[in-house]
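Chemist: I have a structure I would like to understand better, so I am pasting it below and will then ask my questions one at a time.
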Amino acid sequence: MVENELYLSYEELLILPAYSEVAYMPCVEGWGFTAKWTGFRAIDLLDLAGLTPNATYVVLHSSDGYSTGLPLEYLRDKKVLMAYGINDLTLSPERGFPFQLVAVHKYGYKWAKWITSIEVVNEEVAGYWESRGYSDSADVGTFPFG
């Protein structure tokens, strides 16, 4: 659902405008942590690809086979970051290098790590945890299952 498929290197992505924000990443198990995240806005990258009018949902694919997705509207409205830095350091491999999504107000399973590709579609796609019964909305404060 884009006009131009993009194949960008890590270095090319680092040229996008950078933003930082402090955000809390909550886990469904009741723990979480606050950090300063630095990266580019996901919507800035998607806009470069030229979104088609019927694009509604974004699927994030990770190098380990993990996937999850979010509505395009959420990524745009919340100015969601694709982080390459945490607390003024480059993401480590354990933390999600090259990119981790900063899905504010969503449970941690929407904070995809090790993101290596993005797909834009016109319908919800069940990711790893969603296909196992977790809620697709993943809104913090709501029941995360089903």
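If you're wondering about the labels, chains in the structure tokens are A, B, ... by order shown, residues count from 1 in each chain, ligands from 1 in order shown.
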Sort by chain and increasing residue number a table of all residues of range 1-81 of chain A within 10 Å of range 120-133 of chain A, each with its closest pair of atoms and their distance in Å to one decimal, counting only C-alpha atoms, and write it as a Markdown table.
Modeler:
```
| residue | atom | partner | partner_atom | distance |
| --- | --- | --- | --- | --- |
| A:Met1 | CA | A:Val120 | CA | 5.3 |
| A:Val2 | CA | A:Val120 | CA | 6.9 |
| A:Leu46 | CA | A:Val120 | CA | 8.4 |
| A:Ala49 | CA | A:Val120 | CA | 9.9 |
| A:Leu51 | CA | A:Val120 | CA | 8.1 |
| A:Thr52 | CA | A:Val120 | CA | 9.2 |
| A:Pro53 | CA | A:Asn122 | CA | 9.5 |
| A:Asn54 | CA | A:Asn122 | CA | 6.0 |
| A:Ala55 | CA | A:Asn122 | CA | 4.9 |
| A:Thr56 | CA | A:Asn122 | CA | 4.8 |
| A:Tyr57 | CA | A:Val121 | CA | 5.3 |
| A:Val58 | CA | A:Val120 | CA | 4.6 |
| A:Val59 | CA | A:Val120 | CA | 6.3 |
| A:Leu60 | CA | A:Gly127 | CA | 8.7 |
| A:His61 | CA | A:Gly127 | CA | 9.0 |
| A:Gly65 | CA | A:Tyr128 | CA | 8.6 |
| A:Tyr66 | CA | A:Tyr128 | CA | 5.9 |
| A:Ser67 | CA | A:Gly127 | CA | 4.8 |
| A:Thr68 | CA | A:Gly127 | CA | 4.1 |
| A:Gly69 | CA | A:Gly127 | CA | 6.4 |
| A:Leu70 | CA | A:Glu124 | CA | 7.8 |
| A:Pro71 | CA | A:Glu124 | CA | 7.7 |
| A:Leu72 | CA | A:Val120 | CA | 8.3 |
```
Chemist: I need the residues from that last selection saved to file as an mmCIF file, in the first residue's frame (with C-alpha atoms), if you can.
Modeler:
```
data_model
loop_
_atom_site.group_PDB
_atom_site.id
_atom_site.type_symbol
_atom_site.label_atom_id
_atom_site.label_comp_id
_atom_site.auth_asym_id
_atom_site.auth_seq_id
_atom_site.Cartn_x
_atom_site.Cartn_y
_atom_site.Cartn_z
ATOM 1 C CA MET A 1 0.000 0.000 0.000
ATOM 2 C CA VAL A 2 2.852 2.372 -0.887
ATOM 3 C CA LEU A 46 6.130 5.833 5.692
ATOM 4 C CA ALA A 49 7.297 5.630 0.599
ATOM 5 C CA LEU A 51 1.184 5.891 1.319
ATOM 6 C CA THR A 52 -1.766 4.986 -0.870
ATOM 7 C CA PRO A 53 -5.252 6.226 0.152
ATOM 8 C CA ASN A 54 -6.382 2.745 1.237
ATOM 9 C CA ALA A 55 -3.400 2.131 3.562
ATOM 10 C CA THR A 56 -4.688 1.584 7.110
ATOM 11 C CA TYR A 57 -2.389 -0.797 8.991
ATOM 12 C CA VAL A 58 1.364 -1.206 9.454
ATOM 13 C CA VAL A 59 3.062 -4.542 10.138
ATOM 14 C CA LEU A 60 6.534 -4.522 11.676
ATOM 15 C CA HIS A 61 8.821 -7.489 11.039
ATOM 16 C CA GLY A 65 10.755 -13.693 12.968
ATOM 17 C CA TYR A 66 8.588 -11.676 15.377
ATOM 18 C CA SER A 67 5.871 -9.459 13.967
ATOM 19 C CA THR A 68 3.195 -7.129 15.258
ATOM 20 C CA GLY A 69 1.108 -4.378 13.771
ATOM 21 C CA LEU A 70 -0.624 -1.128 14.536
ATOM 22 C CA PRO A 71 -3.130 1.121 12.804
ATOM 23 C CA LEU A 72 -1.537 3.747 10.594
#
```
Chemist: If you count only C-alpha atoms, which residues fall within 6 Å of range 103-113 of chain A, apart from same-chain ones fewer than 3 positions away, as a CSV table (one decimal) with C-alpha atoms, in the first residue's frame?
Modeler:
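The resulting file, part_11.csv, is reproduced below:
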```
chain,number,residue,atom,x,y,z
A,25,MET,CA,7.3,0.7,28.3
A,26,PRO,CA,4.8,-1.5,30.3
A,27,CYS,CA,4.8,-5.3,30.2
A,96,GLY,CA,16.6,-4.2,20.0
A,100,GLN,CA,12.7,-0.6,18.4
A,138,ALA,CA,-2.8,-3.7,23.4
A,139,ASP,CA,-4.0,-0.5,25.1
A,140,VAL,CA,-2.5,-0.1,28.6
```
Chemist: Measuring atom to atom with only C-alpha atoms, identify which of A:Gly39, A:Tyr24, A:Asn4, A:Leu13 is nearest to Val80 in chain A.
Modeler: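 Of the candidates, the smallest distance to Val80 in chain A is held by A:Gly39.
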Chemist: Go through A:Ile118, A:Ala18, A:Leu6, A:Ile43 and flag the residue nearest Tyr84 in chain A, using only C-alpha atoms for the distances.
Modeler: A:Ala18
Chemist: Could you name the residues that touch Leu81 in chain A at 12 Å or less, counting only C-alpha atoms, but leaving out those on the same chain fewer than 4 positions away, as a ChimeraX atom specification?
Modeler: /A:16-23,36-46,74-77,85-86,99-104,111-112
Chemist: Write out as a list in words the set of residues from range 1-139 of chain A that DSSP, computed on the backbone, places in helix (DSSP H, G or I).
Modeler: Tyr10, Glu11, Glu12, Leu13, Ala42, Ile43, Asp44, Leu45, Leu46, Asp47, Leu48, Ala49, Leu72, Glu73, Tyr74, Leu75, Arg76, Asp77, Gly108, Tyr109, Lys110, Glu130, Ser131 and Arg132 of chain A
Chemist: Pick out each residue of chain A that DSSP on the backbone tags as strand (DSSP E or B); I need them as a PyMOL selection string.
Modeler: chain A and resi 2+19-26+32-41+51+57-62+67-71+81-86+89-90+100-102+106+115-121+134+139+145
Chemist: Please dump the current selection as a short mmCIF file (atom, residue, chain, number, x, y, z; two decimals), in the first residue's frame; keep N, CA and C atoms.
Modeler:
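Contents of part29.cif, freshly written:
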```cif
data_model
loop_
_atom_site.label_atom_id
_atom_site.label_comp_id
_atom_site.auth_asym_id
_atom_site.auth_seq_id
_atom_site.Cartn_x
_atom_site.Cartn_y
_atom_site.Cartn_z
N VAL A 2 2.00 1.19 -0.71
CA VAL A 2 2.85 2.37 -0.89
C VAL A 2 3.13 2.56 -2.37
N TYR A 19 14.20 12.72 16.90
CA TYR A 19 13.41 13.22 18.02
C TYR A 19 13.73 12.36 19.23
N SER A 20 13.55 12.94 20.41
CA SER A 20 13.72 12.19 21.65
C SER A 20 12.49 12.40 22.52
N GLU A 21 12.15 11.35 23.27
CA GLU A 21 11.07 11.48 24.24
C GLU A 21 11.28 10.47 25.36
N VAL A 22 10.81 10.83 26.51
CA VAL A 22 10.84 9.92 27.65
C VAL A 22 9.51 9.18 27.65
N ALA A 23 9.58 7.85 27.68
CA ALA A 23 8.36 7.05 27.62
C ALA A 23 8.50 5.81 28.50
N TYR A 24 7.39 5.35 29.00
CA TYR A 24 7.30 4.16 29.85
C TYR A 24 6.87 2.97 29.01
N MET A 25 7.63 1.88 29.06
CA MET A 25 7.29 0.65 28.34
C MET A 25 6.71 -0.34 29.35
N PRO A 26 5.39 -0.57 29.33
CA PRO A 26 4.76 -1.48 30.29
C PRO A 26 4.61 -2.90 29.75
N GLY A 32 7.76 -2.82 34.08
CA GLY A 32 8.02 -1.91 32.98
C GLY A 32 9.19 -1.02 33.33
N PHE A 33 9.55 -0.13 32.41
CA PHE A 33 10.63 0.81 32.69
C PHE A 33 10.46 2.07 31.86
N THR A 34 11.03 3.14 32.38
CA THR A 34 11.00 4.43 31.70
C THR A 34 12.40 4.69 31.15
N ALA A 35 12.44 5.22 29.93
CA ALA A 35 13.72 5.54 29.29
C ALA A 35 13.54 6.72 28.36
N LYS A 36 14.66 7.31 28.00
CA LYS A 36 14.68 8.34 26.97
C LYS A 36 14.98 7.62 25.65
N TRP A 37 14.07 7.74 24.71
CA TRP A 37 14.17 7.08 23.42
C TRP A 37 14.50 8.11 22.35
N THR A 38 15.38 7.79 21.44
CA THR A 38 15.74 8.68 20.34
C THR A 38 15.61 7.92 19.03
N GLY A 39 15.01 8.58 18.06
CA GLY A 39 14.84 7.96 16.75
C GLY A 39 14.09 8.87 15.80
N PHE A 40 13.64 8.30 14.72
CA PHE A 40 12.84 9.07 13.76
C PHE A 40 11.38 8.64 13.91
N ARG A 41 10.50 9.48 13.41
CA ARG A 41 9.08 9.15 13.48
C ARG A 41 8.75 8.13 12.40
N LEU A 51 2.31 6.73 0.93
CA LEU A 51 1.18 5.89 1.32
C LEU A 51 0.02 6.04 0.34
N TYR A 57 -3.01 0.00 7.94
CA TYR A 57 -2.39 -0.80 8.99
C TYR A 57 -0.93 -1.05 8.63
N VAL A 58 -0.07 -1.04 9.66
CA VAL A 58 1.36 -1.21 9.45
C VAL A 58 1.84 -2.43 10.23
N VAL A 59 2.53 -3.32 9.53
CA VAL A 59 3.06 -4.54 10.14
C VAL A 59 4.58 -4.39 10.24
N LEU A 60 5.11 -4.62 11.42
CA LEU A 60 6.53 -4.52 11.68
C LEU A 60 7.11 -5.93 11.79
N HIS A 61 8.18 -6.18 11.05
CA HIS A 61 8.82 -7.49 11.04
C HIS A 61 10.21 -7.37 11.66
N SER A 62 10.54 -8.31 12.52
CA SER A 62 11.82 -8.30 13.23
C SER A 62 12.73 -9.39 12.70
N SER A 67 6.60 -10.51 14.67
CA SER A 67 5.87 -9.46 13.97
C SER A 67 4.74 -8.96 14.85
N THR A 68 4.36 -7.72 14.63
CA THR A 68 3.20 -7.13 15.26
C THR A 68 2.76 -5.98 14.36
N GLY A 69 1.59 -5.46 14.60
CA GLY A 69 1.11 -4.38 13.77
C GLY A 69 0.29 -3.38 14.55
N LEU A 70 0.14 -2.22 13.93
CA LEU A 70 -0.62 -1.13 14.54
C LEU A 70 -1.33 -0.34 13.44
N PRO A 71 -2.45 0.28 13.79
CA PRO A 71 -3.13 1.12 12.80
C PRO A 71 -2.24 2.30 12.39
N LEU A 81 7.85 6.80 17.55
CA LEU A 81 9.26 6.74 17.16
C LEU A 81 9.69 5.33 16.79
N MET A 82 10.59 5.28 15.82
CA MET A 82 11.38 4.09 15.53
C MET A 82 12.72 4.42 16.18
N ALA A 83 12.94 3.89 17.37
CA ALA A 83 14.11 4.27 18.16
C ALA A 83 15.36 3.51 17.74
N TYR A 84 16.45 4.25 17.68
CA TYR A 84 17.78 3.65 17.49
C TYR A 84 18.67 3.99 18.67
N GLY A 85 18.11 4.74 19.63
CA GLY A 85 18.86 5.10 20.82
C GLY A 85 18.01 5.01 22.07
N ILE A 86 18.66 4.70 23.17
CA ILE A 86 18.01 4.66 24.47
C ILE A 86 18.96 5.30 25.49
N LEU A 89 22.33 6.44 24.27
CA LEU A 89 23.24 5.42 23.75
C LEU A 89 22.57 4.72 22.57
N THR A 90 23.36 4.21 21.65
CA THR A 90 22.82 3.40 20.57
C THR A 90 22.21 2.14 21.16
N GLN A 100 13.76 -0.19 17.60
CA GLN A 100 12.65 -0.64 18.44
C GLN A 100 11.55 0.39 18.33
N LEU A 101 10.34 -0.07 18.15
CA LEU A 101 9.20 0.84 18.09
C LEU A 101 8.88 1.32 19.50
N VAL A 102 8.59 2.60 19.65
CA VAL A 102 8.21 3.18 20.94
C VAL A 102 6.70 3.39 20.89
N LYS A 106 0.83 1.52 24.83
CA LYS A 106 0.58 0.14 24.41
C LYS A 106 1.44 -0.79 25.26
N ILE A 115 13.63 -4.46 14.46
CA ILE A 115 12.83 -4.23 13.26
C ILE A 115 13.74 -4.13 12.03
N THR A 116 13.43 -4.94 11.04
CA THR A 116 14.22 -4.93 9.80
C THR A 116 13.36 -4.66 8.57
N SER A 117 12.04 -4.78 8.69
CA SER A 117 11.17 -4.43 7.56
C SER A 117 9.80 -4.02 8.05
N ILE A 118 9.13 -3.25 7.20
CA ILE A 118 7.81 -2.71 7.51
C ILE A 118 6.93 -2.95 6.29
N GLU A 119 5.71 -3.37 6.55
CA GLU A 119 4.75 -3.63 5.49
C GLU A 119 3.50 -2.78 5.76
N VAL A 120 2.97 -2.15 4.74
CA VAL A 120 1.76 -1.34 4.86
C VAL A 120 0.64 -2.07 4.12
N VAL A 121 -0.46 -2.31 4.84
CA VAL A 121 -1.58 -3.08 4.28
C VAL A 121 -2.90 -2.35 4.54
N TYR A 134 -3.54 -12.63 22.24
CA TYR A 134 -3.39 -11.30 22.82
C TYR A 134 -4.19 -10.29 22.02
N ASP A 139 -3.98 -1.74 24.36
CA ASP A 139 -4.05 -0.50 25.12
C ASP A 139 -3.77 -0.75 26.60
N PHE A 145 -5.73 -9.81 26.74
CA PHE A 145 -6.01 -11.06 26.04
C PHE A 145 -7.37 -11.00 25.38
#
```
Chemist: Nearest to Ser9 in chain A: which of A:Pro98, A:Glu73, A:Lys78, A:Leu48 is it, counting only C-alpha atoms?
Modeler: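 Of all the options, A:Pro98 lies closest to Ser9 in chain A.
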Chemist: At what distance in Å, to one decimal, does CA of Asp88 in chain A lie from CA of Glu12 in chain A?
Modeler: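 Distance between the two atoms: 19.7 Å.
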Chemist: Could you tell me how far CA of Glu3 in chain A lies from CA of Gly50 in chain A, in Å and to one decimal?
Modeler: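 Spanning CA of Glu3 in chain A to CA of Gly50 in chain A is a straight-line distance of 5.0 Å.
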Chemist: What gap, in Å, lies between CA of Gly141 in chain A and CA of Trp114 in chain A?
Modeler: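 Result for CA of Gly141 in chain A versus CA of Trp114 in chain A: 25.9 Å, one decimal.
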